[in-house]
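This is data_17.cif (mmCIF, C-alpha atoms).
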```
data_run
loop_
_atom_site.label_atom_id
_atom_site.label_comp_id
_atom_site.auth_asym_id
_atom_site.auth_seq_id
_atom_site.Cartn_x
_atom_site.Cartn_y
_atom_site.Cartn_z
CA MET K 7 0.00 0.00 0.00
CA ALA K 8 1.36 3.41 -0.98
CA ARG K 9 1.91 6.05 1.67
CA TYR K 10 0.25 9.43 1.15
CA TYR K 11 0.48 12.79 2.89
CA PHE K 12 -2.25 15.29 3.66
CA SER K 13 -1.91 18.52 5.62
CA CYS K 14 -4.50 21.10 6.54
CA PRO K 15 -3.58 24.42 8.17
CA ASN K 16 -6.18 26.19 10.24
CA VAL K 17 -8.45 27.94 7.75
CA TYR K 18 -10.64 30.93 8.63
CA PHE K 19 -13.12 31.92 5.93
CA GLY K 20 -16.10 34.19 5.37
CA ASP K 21 -16.84 37.90 5.74
CA GLU K 22 -15.43 38.18 9.27
CA ALA K 23 -12.38 35.99 8.67
CA ILE K 24 -9.94 38.87 9.07
CA THR K 25 -10.92 39.28 12.74
CA SER K 26 -8.99 36.08 13.48
CA LEU K 27 -5.84 38.24 13.36
CA SER K 28 -6.75 39.54 16.84
CA GLN K 29 -4.93 36.53 18.29
CA PHE K 30 -1.64 38.23 17.29
CA ASN K 31 -2.38 41.49 19.12
CA ASP K 32 0.66 41.15 21.40
CA LYS K 33 3.10 39.85 18.78
CA ARG K 34 5.79 41.27 16.53
CA VAL K 35 4.15 40.94 13.13
CA ALA K 36 5.92 41.25 9.78
CA ILE K 37 3.77 41.77 6.67
CA VAL K 38 5.07 40.67 3.27
CA THR K 39 3.20 42.21 0.36
CA ASP K 40 3.47 44.45 -2.70
CA ASP K 41 3.33 48.21 -3.11
CA PHE K 42 -0.30 48.23 -4.26
CA MET K 43 -1.49 46.53 -1.06
CA VAL K 44 0.30 49.21 0.96
CA THR K 45 -0.89 52.24 -1.03
CA SER K 46 -4.46 50.94 -1.39
CA GLY K 47 -4.90 50.57 2.35
CA LYS K 48 -5.18 46.77 2.41
CA THR K 49 -2.37 46.52 4.96
CA ARG K 50 -4.29 48.95 7.19
CA TYR K 51 -7.26 46.56 7.01
CA LEU K 52 -5.02 43.92 8.62
CA ILE K 53 -3.45 46.23 11.19
CA ASN K 54 -6.87 47.40 12.36
CA ALA K 55 -7.67 43.79 13.31
CA MET K 56 -4.64 43.63 15.66
CA PRO K 57 -4.18 47.24 16.90
CA GLN K 58 -1.78 46.34 19.73
CA ALA K 59 0.67 44.39 17.56
CA SER K 60 4.10 45.71 16.63
CA VAL K 61 4.12 45.75 12.81
CA CYS K 62 6.87 45.97 10.20
CA ILE K 63 5.99 45.94 6.48
CA PHE K 64 8.03 44.77 3.50
CA GLY K 65 6.05 46.00 0.50
CA GLU K 66 8.47 45.40 -2.35
CA VAL K 67 7.30 42.05 -3.73
CA LYS K 68 7.15 41.99 -7.52
CA PRO K 69 5.46 39.42 -9.77
CA ASP K 70 7.46 36.19 -10.08
CA PRO K 71 9.69 36.81 -7.03
CA ASP K 72 13.34 35.84 -7.30
CA ILE K 73 16.10 35.23 -4.79
CA ASP K 74 16.87 38.98 -4.60
CA ILE K 75 13.36 39.65 -3.26
CA LEU K 76 13.78 36.97 -0.59
CA THR K 77 17.13 38.42 0.43
CA ALA K 78 15.74 41.97 0.60
CA GLY K 79 12.73 40.87 2.63
CA ALA K 80 14.84 38.92 5.11
CA ALA K 81 17.19 41.91 5.50
CA CYS K 82 14.22 44.18 6.20
CA PHE K 83 13.07 41.98 9.10
CA LYS K 84 16.34 40.76 10.65
CA ALA K 85 16.54 43.44 13.35
CA PHE K 86 12.77 43.33 13.94
CA LYS K 87 12.84 39.56 14.70
CA PRO K 88 9.16 38.83 13.98
CA ASP K 89 7.10 36.24 15.82
CA VAL K 90 4.68 36.11 12.91
CA ILE K 91 4.90 36.72 9.16
CA ILE K 92 1.69 37.59 7.35
CA ALA K 93 1.71 37.06 3.59
CA LEU K 94 -0.80 39.38 1.93
CA GLY K 95 -1.41 39.30 -1.80
CA GLY K 96 -1.45 36.96 -4.75
CA GLY K 97 0.72 33.93 -5.30
CA SER K 98 3.88 36.03 -5.67
CA SER K 99 3.53 37.60 -2.22
CA LEU K 100 2.67 34.28 -0.62
CA ASP K 101 5.62 32.53 -2.25
CA ALA K 102 7.97 35.37 -1.29
CA ALA K 103 6.80 35.25 2.32
CA LYS K 104 7.49 31.52 2.46
CA GLY K 105 11.03 32.05 1.23
CA ILE K 106 11.59 34.96 3.63
CA LYS K 107 10.31 32.89 6.57
CA VAL K 108 12.69 29.98 6.04
CA THR K 109 15.56 32.39 5.36
CA LEU K 110 14.96 34.16 8.69
CA GLU K 111 14.53 30.91 10.60
CA GLU K 112 17.93 29.75 9.34
CA PHE K 113 19.41 33.07 10.49
CA TYR K 114 17.79 33.00 13.96
CA GLU K 115 18.19 29.22 14.45
CA ASN K 116 15.99 28.74 17.54
CA HIS K 117 13.28 31.30 16.80
CA PRO K 118 10.39 29.64 14.89
CA ILE K 119 8.13 32.03 13.01
CA GLU K 120 4.41 31.50 12.50
CA LEU K 121 3.29 32.00 8.90
CA ILE K 122 -0.17 33.40 8.12
CA ALA K 123 -1.30 33.47 4.50
CA ILE K 124 -4.01 35.88 3.34
CA PRO K 125 -4.57 35.51 -0.42
CA THR K 126 -6.03 38.42 -2.37
CA THR K 127 -6.52 36.40 -5.56
CA SER K 128 -8.37 33.12 -6.00
CA GLY K 129 -5.90 30.96 -7.85
CA SER K 130 -2.55 29.78 -6.52
CA GLY K 131 -3.75 27.91 -3.43
CA SER K 132 -0.36 28.80 -1.97
CA GLU K 133 -2.00 29.61 1.36
CA VAL K 134 -2.24 25.87 2.14
CA THR K 135 0.60 24.29 0.18
CA ALA K 136 4.19 23.22 0.61
CA TYR K 137 5.01 24.83 -2.75
CA ALA K 138 6.67 28.14 -3.59
CA ILE K 139 7.56 29.26 -7.11
CA ILE K 140 10.82 31.20 -7.26
CA SER K 141 11.99 32.77 -10.51
CA ASP K 142 15.40 32.80 -12.11
CA PRO K 143 15.15 35.84 -14.44
CA LYS K 144 18.70 35.44 -15.78
CA ASN K 145 17.77 32.07 -17.27
CA GLY K 146 14.08 32.83 -17.78
CA ARG K 147 12.87 29.95 -15.61
CA LYS K 148 10.58 29.29 -12.67
CA TYR K 149 11.47 26.69 -10.07
CA PRO K 150 8.91 25.05 -7.76
CA LEU K 151 10.31 24.63 -4.24
CA ILE K 152 8.62 21.90 -2.21
CA SER K 153 9.01 21.51 1.54
CA GLU K 154 6.72 20.89 4.51
CA ASN K 155 8.41 23.90 6.13
CA LEU K 156 6.67 26.10 3.53
CA VAL K 157 3.12 25.15 4.59
CA PRO K 158 1.50 28.16 6.33
CA ASP K 159 0.18 27.67 9.85
CA ILE K 160 -3.01 29.61 9.17
CA ALA K 161 -4.88 30.60 6.02
CA ILE K 162 -7.41 33.44 6.09
CA LEU K 163 -9.90 33.58 3.22
CA ASP K 164 -11.59 36.97 3.28
CA PRO K 165 -13.73 37.50 0.15
CA ASN K 166 -13.68 41.28 0.66
CA LEU K 167 -10.00 41.22 -0.34
CA VAL K 168 -10.68 39.77 -3.80
CA LEU K 169 -13.55 42.03 -4.88
CA THR K 170 -11.18 44.51 -6.52
CA VAL K 171 -9.34 41.88 -8.60
CA PRO K 172 -9.94 42.81 -12.28
CA ARG K 173 -11.99 40.48 -14.47
CA HIS K 174 -9.08 39.35 -16.65
CA VAL K 175 -6.98 38.45 -13.59
CA ALA K 176 -9.93 36.68 -11.94
CA VAL K 177 -10.46 34.40 -14.94
CA ASP K 178 -6.74 33.64 -15.35
CA THR K 179 -6.42 32.71 -11.68
CA GLY K 180 -9.76 30.91 -11.75
CA MET K 181 -8.60 28.69 -14.59
CA ASP K 182 -5.51 27.98 -12.49
CA VAL K 183 -7.88 26.63 -9.82
CA LEU K 184 -9.58 24.36 -12.36
CA THR K 185 -6.18 23.13 -13.56
CA HIS K 186 -5.00 22.45 -10.01
CA ALA K 187 -8.13 20.44 -9.26
CA ILE K 188 -8.18 18.36 -12.45
CA GLU K 189 -4.44 17.64 -12.33
CA ALA K 190 -4.65 16.63 -8.67
CA PHE K 191 -7.60 14.35 -9.43
CA VAL K 192 -5.77 12.42 -12.17
CA SER K 193 -2.30 12.60 -10.59
CA THR K 194 -0.43 9.41 -9.74
CA GLY K 195 -0.54 10.61 -6.11
CA ALA K 196 -4.34 11.05 -5.98
CA ASN K 197 -5.96 9.69 -2.82
CA ASP K 198 -9.28 9.72 -0.97
CA PHE K 199 -8.58 13.02 0.79
CA SER K 200 -7.30 14.87 -2.27
CA ASP K 201 -10.11 13.46 -4.41
CA ALA K 202 -12.82 14.88 -2.16
CA LEU K 203 -11.35 18.38 -2.31
CA ALA K 204 -10.50 18.23 -6.01
CA GLU K 205 -14.03 17.17 -6.96
CA LYS K 206 -15.59 20.00 -4.97
CA ALA K 207 -13.12 22.53 -6.38
CA ILE K 208 -13.97 21.47 -9.96
CA ALA K 209 -17.69 21.79 -9.26
CA LEU K 210 -17.40 25.21 -7.61
CA THR K 211 -15.08 26.62 -10.28
CA TRP K 212 -17.13 25.41 -13.23
CA ARG K 213 -20.28 26.91 -11.69
CA TYR K 214 -19.05 30.17 -10.20
CA LEU K 215 -16.13 31.38 -12.35
CA PRO K 216 -18.49 32.39 -15.20
CA GLN K 217 -20.53 34.31 -12.62
CA VAL K 218 -17.42 36.22 -11.50
CA PHE K 219 -16.69 36.97 -15.17
CA ASN K 220 -20.23 38.31 -15.65
CA ASP K 221 -20.28 40.35 -12.43
CA GLU K 222 -16.98 41.21 -10.75
CA LYS K 223 -18.79 42.40 -7.61
CA ASP K 224 -20.77 39.17 -7.03
CA ILE K 225 -19.60 38.53 -3.47
CA ALA K 226 -21.19 35.08 -3.30
CA ALA K 227 -19.46 33.91 -6.48
CA ARG K 228 -16.18 35.45 -5.32
CA THR K 229 -16.52 33.63 -1.97
CA HIS K 230 -17.09 30.27 -3.64
CA MET K 231 -14.10 30.79 -5.95
CA HIS K 232 -11.90 31.79 -3.01
CA ASN K 233 -12.88 28.61 -1.19
CA ALA K 234 -12.41 26.51 -4.34
CA SER K 235 -8.88 27.87 -4.75
CA CYS K 236 -8.01 26.80 -1.21
CA MET K 237 -9.56 23.35 -1.67
CA ALA K 238 -7.67 22.79 -4.91
CA GLY K 239 -4.47 23.84 -3.14
CA MET K 240 -5.03 21.25 -0.41
CA ALA K 241 -5.75 18.64 -3.08
CA PHE K 242 -2.58 19.16 -5.11
CA ASN K 243 -0.47 19.65 -2.01
CA SER K 244 -1.32 16.04 -1.18
CA ALA K 245 -1.62 14.48 -4.64
CA GLY K 246 0.80 16.47 -6.79
CA LEU K 247 0.12 18.04 -10.17
CA GLY K 248 1.08 17.07 -13.71
CA LEU K 249 2.37 17.99 -17.13
CA VAL K 250 0.22 21.12 -17.50
CA HIS K 251 2.14 22.70 -14.66
CA GLY K 252 5.44 21.19 -15.72
CA MET K 253 5.11 22.84 -19.12
CA ALA K 254 3.51 26.03 -17.75
CA HIS K 255 6.44 26.72 -15.45
CA ALA K 256 8.80 26.43 -18.42
CA ILE K 257 6.74 28.32 -21.00
CA GLY K 258 5.46 30.95 -18.58
CA GLY K 259 8.91 31.58 -17.17
CA MET K 260 10.74 31.85 -20.49
CA LEU K 261 8.04 33.67 -22.45
CA HIS K 262 6.71 35.80 -19.55
CA ILE K 263 3.08 34.63 -19.68
CA PRO K 264 0.82 34.82 -16.58
CA HIS K 265 0.72 31.42 -14.89
CA GLY K 266 -3.06 30.97 -14.89
CA LYS K 267 -3.35 31.97 -18.53
CA ILE K 268 -0.75 29.48 -19.81
CA ASN K 269 -2.28 26.77 -17.60
CA ALA K 270 -5.69 27.41 -19.18
CA MET K 271 -4.19 27.24 -22.66
CA LEU K 272 -2.33 23.99 -21.96
CA LEU K 273 -5.09 22.21 -20.02
CA PRO K 274 -7.18 20.83 -22.92
CA ILE K 275 -4.07 19.93 -24.93
CA VAL K 276 -2.56 17.92 -22.07
CA ILE K 277 -5.88 16.23 -21.24
CA ASP K 278 -6.04 15.09 -24.86
CA PHE K 279 -2.48 13.76 -24.58
CA ASN K 280 -3.01 12.02 -21.24
CA SER K 281 -6.31 10.41 -22.25
CA LYS K 282 -4.75 8.72 -25.29
CA GLN K 283 -3.15 5.40 -24.36
CA ALA K 284 -4.49 6.08 -20.87
CA ARG K 285 -4.79 3.44 -18.20
CA PRO K 286 -8.44 2.60 -17.40
CA ASP K 287 -8.25 4.38 -14.04
CA THR K 288 -6.94 7.60 -15.67
CA ARG K 289 -9.66 7.45 -18.33
CA ASP K 290 -12.28 6.88 -15.62
CA ARG K 291 -10.98 9.82 -13.59
CA TYR K 292 -11.19 12.18 -16.55
CA HIS K 293 -14.68 10.82 -17.20
CA ARG K 294 -15.58 11.71 -13.60
CA CYS K 295 -14.24 15.25 -14.12
CA ALA K 296 -16.49 15.58 -17.16
CA GLN K 297 -19.49 14.40 -15.15
CA ILE K 298 -18.79 16.96 -12.43
CA MET K 299 -18.77 19.62 -15.16
CA GLY K 300 -22.21 18.49 -16.33
CA ILE K 301 -21.08 16.30 -19.25
CA ASP K 302 -22.79 12.95 -18.83
CA HIS K 303 -21.94 10.98 -21.95
CA ALA K 304 -21.89 7.25 -21.15
CA VAL K 305 -18.82 6.58 -23.31
CA PRO K 306 -15.74 7.83 -21.43
CA GLU K 307 -13.77 8.78 -24.54
CA GLN K 308 -16.68 10.85 -25.85
CA ALA K 309 -17.19 12.54 -22.48
CA ILE K 310 -13.49 13.46 -22.29
CA ALA K 311 -13.56 14.89 -25.83
CA GLN K 312 -16.61 16.97 -24.92
CA MET K 313 -14.87 18.15 -21.75
CA THR K 314 -11.78 19.42 -23.59
CA GLN K 315 -14.06 21.15 -26.07
CA ALA K 316 -15.97 22.76 -23.20
CA ILE K 317 -12.69 24.01 -21.67
CA ARG K 318 -11.65 25.49 -25.02
CA GLN K 319 -15.03 27.20 -25.31
CA ILE K 320 -14.91 28.71 -21.84
CA ASN K 321 -11.35 29.92 -22.50
CA ARG K 322 -12.61 31.63 -25.64
CA HIS K 323 -15.52 33.14 -23.66
CA PHE K 324 -13.02 34.50 -21.13
CA GLY K 325 -10.76 35.93 -23.84
CA ILE K 326 -7.94 33.45 -23.20
CA PRO K 327 -6.15 32.58 -26.46
CA ALA K 328 -5.87 29.00 -27.68
CA THR K 329 -2.27 29.26 -28.90
CA LEU K 330 0.89 31.25 -28.35
CA SER K 331 0.68 32.70 -31.85
CA GLU K 332 -2.82 33.98 -31.02
CA LEU K 333 -1.33 35.50 -27.87
CA GLY K 334 1.16 37.35 -30.08
CA THR K 335 4.28 35.37 -29.19
CA ASP K 336 6.98 35.38 -31.86
CA ARG K 337 7.27 31.89 -33.37
CA ALA K 338 11.01 32.33 -33.90
CA LYS K 339 11.43 32.91 -30.18
CA ILE K 340 9.52 29.70 -29.40
CA ASP K 341 11.70 27.73 -31.81
CA ALA K 342 14.87 29.19 -30.33
CA LEU K 343 13.79 28.15 -26.84
CA ARG K 344 12.32 24.78 -27.83
CA GLN K 345 15.05 22.54 -26.42
CA ALA K 346 15.29 24.56 -23.21
CA LEU K 347 11.50 24.35 -22.82
CA VAL K 348 11.57 20.58 -23.28
CA SER K 349 14.40 20.08 -20.81
CA SER K 350 12.79 22.33 -18.21
CA ALA K 351 9.39 20.65 -18.49
CA LEU K 352 10.93 17.18 -18.18
CA ALA K 353 12.92 18.21 -15.10
CA ASP K 354 9.99 19.95 -13.38
CA GLY K 355 8.81 18.25 -10.20
CA CYS K 356 5.16 18.53 -11.25
CA THR K 357 5.75 16.46 -14.39
CA ALA K 358 6.74 13.44 -12.28
CA SER K 359 3.16 12.84 -11.06
CA ASN K 360 1.53 13.16 -14.49
CA PRO K 361 -0.64 10.08 -15.20
CA ARG K 362 1.11 9.42 -18.53
CA ALA K 363 4.88 9.43 -18.79
CA ALA K 364 6.02 12.01 -21.33
CA THR K 365 9.14 11.80 -23.46
CA ALA K 366 11.11 14.69 -24.91
CA GLN K 367 9.46 13.97 -28.26
CA ASP K 368 6.00 14.10 -26.63
CA ILE K 369 6.70 17.49 -25.09
CA GLU K 370 8.10 18.81 -28.37
CA ALA K 371 4.86 17.79 -30.06
CA LEU K 372 2.81 19.49 -27.34
CA ILE K 373 4.88 22.67 -27.72
CA SER K 374 4.11 22.64 -31.44
CA LEU K 375 0.40 22.37 -30.64
CA ILE K 376 0.41 25.22 -28.13
CA ALA K 377 2.57 27.34 -30.45
CA GLY K 378 -0.15 27.28 -33.10
#
```
Show me this structure written as structure tokens.
Amino acid sequence: MARYYFSCPNVYFGDEAITSLSQFNDKRVAIVTDDFMVTSGKTRYLINAMPQASVCIFGEVKPDPDIDILTAGAACFKAFKPDVIIALGGGSSLDAAKGIKVTLEEFYENHPIELIAIPTTSGSGSEVTAYAIISDPKNGRKYPLISENLVPDIAILDPNLVLTVPRHVAVDTGMDVLTHAIEAFVSTGANDFSDALAEKAIALTWRYLPQVFNDEKDIAARTHMHNASCMAGMAFNSAGLGLVHGMAHAIGGMLHIPHGKINAMLLPIVIDFNSKQARPDTRDRYHRCAQIMGIDHAVPEQAIAQMTQAIRQINRHFGIPATLSELGTDRAKIDALRQALVSSALADGCTASNPRAATAQDIEALISLIAG
């Protein structure tokens, strides 16, 4: 019998979730975020919930944080010696905070730091995972770091913090949620616990993401998507991901494409690849995904084909291109990077749990498909 792992931080959710910060009223609290969260007053929203805390803010996180951001953040907090680090923002801020936390703990040695994750987008699931994506801009790559030490102690899901996320960002990150859930469900590491969360995340995303697209201020739809993102994060933290993410880290890093967008573009292509020559259990799992999405064809292969078509249609509805050429990427640049993309995707930790083993030739063929 295989051994599996499942972790679940304390999760506070709902309109009053932010009030849970009151438990840190007598602590030294470091906040890791970006400049917008500082200037827009979002950090003040947190501070008001713990008015007696001593607070220090590092607000210099940029998209796709690299090692320089982690070093700068750790330097900002070294003299402060925080008891708690609060990560506020999207996946970049959460990933940066994870890296800063472990950097500081190595520096202090015997001073453990509690990590609180407060996502302001509904996508990465980083608030409950052992993953952090750190960029290497010199080589145009993104590296997933995986360690139990990166799992936050507490996640706070406050839907009021995602209401201002623009429509195009909400759909990109929302399709990231769908990708997380489907990949976790068909992963070689899938298990009873991850399955339950992945299935619910698929159902919530397929129902409520179009509602967010239609009405950015729909608080109920935003709440469901925020919860779905967290559930999908718990699912893939236990089960692993797959080739969509393995290729997305490579393509997104080298061609500078938002992570959720490239995931959405790759998802139907990789499902098509995985479902061919698929083991019966993989085929059955994709069939179950289709059923959750309201596709109830009795023949699994037909249901899977209809599912990939439905994903392509919803991408089109959301304005997400089908190919890199449609996105405006220079084909010559893709060709020049082809071998590096293949090598990076093969080496990516997410690729290892894909339900169908992929060769270099397979990935080359998939790159040609996504190139358009």
Go through the shown structure with the PyMOL selection byres ((chain K and resi 63-79) around 10) and write out the matching residues as a PDB file with C-alpha atoms, keeping the file's coordinate frame.
```
ATOM      1  CA  VAL K  35       4.150  40.940  13.130  1.00  0.00           C
ATOM      2  CA  ALA K  36       5.920  41.250   9.780  1.00  0.00           C
ATOM      3  CA  ILE K  37       3.770  41.770   6.670  1.00  0.00           C
ATOM      4  CA  VAL K  38       5.070  40.670   3.270  1.00  0.00           C
ATOM      5  CA  THR K  39       3.200  42.210   0.360  1.00  0.00           C
ATOM      6  CA  ASP K  40       3.470  44.450  -2.700  1.00  0.00           C
ATOM      7  CA  ASP K  41       3.330  48.210  -3.110  1.00  0.00           C
ATOM      8  CA  PHE K  42      -0.300  48.230  -4.260  1.00  0.00           C
ATOM      9  CA  MET K  43      -1.490  46.530  -1.060  1.00  0.00           C
ATOM     10  CA  VAL K  44       0.300  49.210   0.960  1.00  0.00           C
ATOM     11  CA  THR K  45      -0.890  52.240  -1.030  1.00  0.00           C
ATOM     12  CA  THR K  49      -2.370  46.520   4.960  1.00  0.00           C
ATOM     13  CA  VAL K  61       4.120  45.750  12.810  1.00  0.00           C
ATOM     14  CA  CYS K  62       6.870  45.970  10.200  1.00  0.00           C
ATOM     15  CA  ALA K  80      14.840  38.920   5.110  1.00  0.00           C
ATOM     16  CA  ALA K  81      17.190  41.910   5.500  1.00  0.00           C
ATOM     17  CA  CYS K  82      14.220  44.180   6.200  1.00  0.00           C
ATOM     18  CA  PHE K  83      13.070  41.980   9.100  1.00  0.00           C
ATOM     19  CA  LYS K  84      16.340  40.760  10.650  1.00  0.00           C
ATOM     20  CA  ILE K  91       4.900  36.720   9.160  1.00  0.00           C
ATOM     21  CA  ILE K  92       1.690  37.590   7.350  1.00  0.00           C
ATOM     22  CA  ALA K  93       1.710  37.060   3.590  1.00  0.00           C
ATOM     23  CA  LEU K  94      -0.800  39.380   1.930  1.00  0.00           C
ATOM     24  CA  GLY K  95      -1.410  39.300  -1.800  1.00  0.00           C
ATOM     25  CA  GLY K  96      -1.450  36.960  -4.750  1.00  0.00           C
ATOM     26  CA  GLY K  97       0.720  33.930  -5.300  1.00  0.00           C
ATOM     27  CA  SER K  98       3.880  36.030  -5.670  1.00  0.00           C
ATOM     28  CA  SER K  99       3.530  37.600  -2.220  1.00  0.00           C
ATOM     29  CA  LEU K 100       2.670  34.280  -0.620  1.00  0.00           C
ATOM     30  CA  ASP K 101       5.620  32.530  -2.250  1.00  0.00           C
ATOM     31  CA  ALA K 102       7.970  35.370  -1.290  1.00  0.00           C
ATOM     32  CA  ALA K 103       6.800  35.250   2.320  1.00  0.00           C
ATOM     33  CA  LYS K 104       7.490  31.520   2.460  1.00  0.00           C
ATOM     34  CA  GLY K 105      11.030  32.050   1.230  1.00  0.00           C
ATOM     35  CA  ILE K 106      11.590  34.960   3.630  1.00  0.00           C
ATOM     36  CA  LYS K 107      10.310  32.890   6.570  1.00  0.00           C
ATOM     37  CA  VAL K 108      12.690  29.980   6.040  1.00  0.00           C
ATOM     38  CA  THR K 109      15.560  32.390   5.360  1.00  0.00           C
ATOM     39  CA  LEU K 110      14.960  34.160   8.690  1.00  0.00           C
ATOM     40  CA  ALA K 138       6.670  28.140  -3.590  1.00  0.00           C
ATOM     41  CA  ILE K 139       7.560  29.260  -7.110  1.00  0.00           C
ATOM     42  CA  ILE K 140      10.820  31.200  -7.260  1.00  0.00           C
ATOM     43  CA  SER K 141      11.990  32.770 -10.510  1.00  0.00           C
ATOM     44  CA  ASP K 142      15.400  32.800 -12.110  1.00  0.00           C
ATOM     45  CA  PRO K 143      15.150  35.840 -14.440  1.00  0.00           C
ATOM     46  CA  ARG K 147      12.870  29.950 -15.610  1.00  0.00           C
ATOM     47  CA  LYS K 148      10.580  29.290 -12.670  1.00  0.00           C
ATOM     48  CA  TYR K 149      11.470  26.690 -10.070  1.00  0.00           C
ATOM     49  CA  GLY K 259       8.910  31.580 -17.170  1.00  0.00           C
ATOM     50  CA  HIS K 262       6.710  35.800 -19.550  1.00  0.00           C
ATOM     51  CA  PRO K 264       0.820  34.820 -16.580  1.00  0.00           C
ATOM     52  CA  HIS K 265       0.720  31.420 -14.890  1.00  0.00           C
TER      53      HIS K 265
END
```
**Request:** Please measure the separation of CA of Pro327 (chain K) and CA of Ser132 (chain K), giving the value in Å to one decimal.
**Result:** 25.4 Å
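For the set K:Leu272, K:Met181, K:Ile208, K:Ile122, the residue with the smallest atom-to-atom gap to Ile373 (chain K) is K:Leu272, counting only C-alpha atoms.
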**Request:** Taking the file above as input, evaluate the PyMOL selection byres ((chain K and resi 362) around 8) and report the hits as a ChimeraX atom specification.
**Result:** /K:280,284,360-361,363-364
**Asked** To one decimal place, how far is CA of Ile188 (chain K) from CA of Ile152 (chain K) in Å?
**Response** 20.0 Å
Find the nearest atom pair between each residue of region 283-369 of chain K and region 243-251 of chain K for residues within 8 Å, count only C-alpha atoms, give distances in Å to one decimal, sort rows by chain and ascending number, and present the table as a Markdown table.
```
| residue | atom | partner | partner_atom | distance |
| --- | --- | --- | --- | --- |
| K:Ala351 | CA | K:Leu249 | CA | 7.6 |
| K:Cys356 | CA | K:Gly248 | CA | 5.0 |
| K:Thr357 | CA | K:Leu249 | CA | 4.6 |
| K:Ala358 | CA | K:Gly248 | CA | 6.9 |
| K:Ser359 | CA | K:Gly248 | CA | 5.4 |
| K:Asn360 | CA | K:Gly248 | CA | 4.0 |
| K:Pro361 | CA | K:Gly248 | CA | 7.4 |
```
Same residues, C-alpha atoms, saved as a PDB file, in the coordinates of the input:
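As written to disk, out_38.pdb reads:
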```pdb
ATOM      1  CA  ALA K 351       9.390  20.650 -18.490  1.00  0.00           C
ATOM      2  CA  CYS K 356       5.160  18.530 -11.250  1.00  0.00           C
ATOM      3  CA  THR K 357       5.750  16.460 -14.390  1.00  0.00           C
ATOM      4  CA  ALA K 358       6.740  13.440 -12.280  1.00  0.00           C
ATOM      5  CA  SER K 359       3.160  12.840 -11.060  1.00  0.00           C
ATOM      6  CA  ASN K 360       1.530  13.160 -14.490  1.00  0.00           C
ATOM      7  CA  PRO K 361      -0.640  10.080 -15.200  1.00  0.00           C
TER       8      PRO K 361
END
```
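The space separating CA of Met313 (chain K) from CA of Trp212 (chain K) comes to 11.4 Å.
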**All residues 12 Å or closer to Phe199 (chain K), only C-alpha atoms, same chain fewer than 6 positions away omitted, as a PyMOL selection string** = chain K and resi 10-14+190-191+205-206+237-238+240-245
Given the selection you just returned, output its residues as a file containing C-alpha atoms, formatted as a JSON list (two decimals), in the coordinates of the input.
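Once everything was written out, this is result.json:
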```
[["chain", "number", "residue", "atom", "x", "y", "z"],
["K", 10, "TYR", "CA", 0.25, 9.43, 1.15],
["K", 11, "TYR", "CA", 0.48, 12.79, 2.89],
["K", 12, "PHE", "CA", -2.25, 15.29, 3.66],
["K", 13, "SER", "CA", -1.91, 18.52, 5.62],
["K", 14, "CYS", "CA", -4.50, 21.10, 6.54],
["K", 190, "ALA", "CA", -4.65, 16.63, -8.67],
["K", 191, "PHE", "CA", -7.60, 14.35, -9.43],
["K", 205, "GLU", "CA", -14.03, 17.17, -6.96],
["K", 206, "LYS", "CA", -15.59, 20.00, -4.97],
["K", 237, "MET", "CA", -9.56, 23.35, -1.67],
["K", 238, "ALA", "CA", -7.67, 22.79, -4.91],
["K", 240, "MET", "CA", -5.03, 21.25, -0.41],
["K", 241, "ALA", "CA", -5.75, 18.64, -3.08],
["K", 242, "PHE", "CA", -2.58, 19.16, -5.11],
["K", 243, "ASN", "CA", -0.47, 19.65, -2.01],
["K", 244, "SER", "CA", -1.32, 16.04, -1.18],
["K", 245, "ALA", "CA", -1.62, 14.48, -4.64]]
```
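When only C-alpha atoms are used to compute distances to Val175 (chain K), the closest of the residues K:Thr288, K:Ile275, K:Leu203, K:Phe324 turns out to be K:Phe324.
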Answer key for the PyMOL selection byres ((chain K and resi 153) around 10), residues as an mmCIF file with C-alpha atoms, in the coordinates of the input:
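The resulting file, selection-v4.cif, is shown below:
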```cif
data_model
loop_
_atom_site.group_PDB
_atom_site.id
_atom_site.type_symbol
_atom_site.label_atom_id
_atom_site.label_comp_id
_atom_site.auth_asym_id
_atom_site.auth_seq_id
_atom_site.Cartn_x
_atom_site.Cartn_y
_atom_site.Cartn_z
ATOM 1 C CA THR K 135 0.600 24.290 0.180
ATOM 2 C CA ALA K 136 4.190 23.220 0.610
ATOM 3 C CA TYR K 137 5.010 24.830 -2.750
ATOM 4 C CA ALA K 138 6.670 28.140 -3.590
ATOM 5 C CA PRO K 150 8.910 25.050 -7.760
ATOM 6 C CA LEU K 151 10.310 24.630 -4.240
ATOM 7 C CA ILE K 152 8.620 21.900 -2.210
ATOM 8 C CA GLU K 154 6.720 20.890 4.510
ATOM 9 C CA ASN K 155 8.410 23.900 6.130
ATOM 10 C CA LEU K 156 6.670 26.100 3.530
ATOM 11 C CA VAL K 157 3.120 25.150 4.590
#
```
**Complete:** The residue from K:Leu215, K:Leu343, K:Ile160, K:Val90 with the smallest atom-to-atom distance to Glu111 (chain K), counting all atoms listed in the file, is K:Val90
**Fill in**
Of K:Leu169, K:Met56, K:Leu347, K:Val276, the one sitting nearest Ser26 (chain K) when using only C-alpha atoms is K:Met56
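Nearest to Pro286 (chain K) of all the residues K:Thr179, K:Met299, K:Glu115, K:Val192 is K:Val192, counting only C-alpha atoms.
Shortest separation to Leu330 (chain K) among K:Ala123, K:Val305, K:Ile257, K:Leu184 occurs at residue K:Ile257, atoms counted being all atoms listed in the file.
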